[in-house]
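Below is one structure, written out as structure tokens, with a few remarks after it.
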Amino acid sequence: MTALIFLMIVLAYLGGSVSSAVLISRLYRLPDPRLHGSGNPGATNVLRTGNRSAAVWVLLLDIMKGTLPVYLAWFLDISPLYLAFIGMAACLGHMFPLFFHFRGGKAVATALGTLLPLGMDMTGLMMLTWLVCLGLFGYSSLASLLTALVAPLYVYFIKPEYTLSVSLLSCLIILRHHGNISRLYHRQEKPIIERFKKEDKENSAKR
């Protein structure tokens with residue numbers, strides 16, 4: 001491993017350690033996402049506060065945390081295997097942020113960001129899969145798990161040289177969702193769709 005690759009891995013981890021959810025929540029004067037809702041500092045949990053603008057900013061910033069280091073590494077002609085390490089470092093930074101007492105999120109958006117340099121076809125398939133699964137089942141966690149499971153298959157047919165890299169990222173995402181898997185199995189997971197249906201009914205009643 002060269003000094004450049006090591007530096008990129010370190011920078012990716014440090015960049016991933018910047019918790020967008022916590023910072024945006026402070027900016028919008030929202031509850032700390034680590035102490036609110038699911039306790040997960042990510043876009044979905046910020047969305048549970050009802051502030052969709054804040055959630056969109058968190059989503060975009062989390063995606064960029066994965067995109068920037070991987071794209072820079074790709075531009076520097078670093079091999080696909082090391083691109084995986086750099087992408088995983090960004091995700092690990094999000095999951096275990098150095099600057100926020102190692103209390104991080106699930107890194108789904110950050111993992112998606114690491115795939116952007118592979119092309120919009122791959123990214124579009126991932127986003128479509130997540131949205132379809134969310135629409136069918138109503139669970140953000142289940143949508144993320146199913147998307148992570150099929151991601152290596154998509155890459156195999158689109159850019160097979162990155163199959164190992166994406167498989168490693170998918171495994172990391174699935175392992176991070178171990179708590180959600182347990183709650184889904186015991187039917188204790190709360191569907192995110194229900195909240196918005198409830199809000200729409202309340203808004204309609206007010207009118």
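In the structure tokens, the first chain shown is A, the next is B, and so on; residue numbers restart at 1 for each chain, and ligands run from 1 in the order shown.
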
Neighbours of Thr110 in chain A within 7 Å (only C-alpha atoms; same-chain residues fewer than 5 positions away dropped), as a ChimeraX atom specification? /A:62-63,65-66,91

Determine, using only C-alpha atoms, which residues of range 83-119 of chain A have any atom at most 9 Å from an atom of range 150-171 of chain A, and tabulate each with its shortest atom pair and distance in Å to one decimal place, rows ordered by chain and then rising number, as a tab-separated table.
residue	atom	partner	partner_atom	distance
A:Leu83	CA	A:Ser165	CA	7.2
A:Ala84	CA	A:Ser165	CA	4.5
A:Phe85	CA	A:Ser165	CA	7.8
A:Gly87	CA	A:Leu169	CA	7.6
A:Met88	CA	A:Leu169	CA	6.2
A:Cys91	CA	A:Leu169	CA	8.3
A:Ala111	CA	A:Leu169	CA	7.0
A:Leu115	CA	A:Val166	CA	8.1
A:Leu118	CA	A:Lys159	CA	7.7

DSSP on the backbone, then: every residue of chain A marked alpha helix (DSSP H), written as a PyMOL selection string. chain A and resi 3-16+20-27+43-47+52-75+80-95+108-115+120-137+140-158+163-176+178-185+192-206

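One finds CA of Gly124 in chain A at 28.3 Å from CA of Ile5 in chain A.
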
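The closest residue to Ala90 in chain A, picked from A:Gly135, A:Gly113, A:Gly119, A:Gly16 and counting only C-alpha atoms, is A:Gly16.
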
What are the nearest atom pairs, with distances in Å to one decimal, for all residues of range 38-153 of chain A that come at most 8 Å from range 177-192 of chain A, using only C-alpha atoms, set out by chain and rising residue number as a tab-separated table?
residue	atom	partner	partner_atom	distance
A:Arg48	CA	A:Ile192	CA	7.8
A:Lys106	CA	A:His177	CA	6.9
A:Gly138	CA	A:Pro191	CA	5.2
A:Tyr139	CA	A:Pro191	CA	4.6
A:Ser140	CA	A:Ile192	CA	6.5
A:Ser141	CA	A:Asn180	CA	6.5
A:Leu142	CA	A:Leu184	CA	7.9
A:Leu145	CA	A:His177	CA	7.6

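For the choices A:Leu11, A:Leu112, A:Leu81, A:Leu98, the atom-to-atom distance to Met127 in chain A is smallest for A:Leu112 when using only C-alpha atoms.
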
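For the choices A:Thr2, A:Ser144, A:Ser25, A:Ser79, the atom-to-atom distance to Val108 in chain A is smallest for A:Ser144 when using only C-alpha atoms.
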
Counting only C-alpha atoms, closest pick from A:Arg52, A:Leu59, A:Val132, A:Gly104 relative to Leu35 in chain A is A:Gly104

Skip Gly39 in chain A itself and residues of its chain fewer than 3 positions away, then list as a PyMOL selection string all residues within 12 Å of it, counting only C-alpha atoms. chain A and resi 21-22+31-36+42-46+48-49+103-106+179-180

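The space separating CA of Ser17 in chain A from CA of His94 in chain A comes to 5.1 Å.
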
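Distances from A:Gly50, A:Pro117, A:Pro80, A:Pro69 to Tyr13 in chain A were compared using only C-alpha atoms, and the smallest one belongs to A:Pro69.
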
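Within 10 Å of Leu4 in chain A, once only C-alpha atoms are used and residues closer than 5 positions along the same chain are dropped, the contacting residues are Ile9, Val10, Ala73, Leu76 and Ile78 of chain A.
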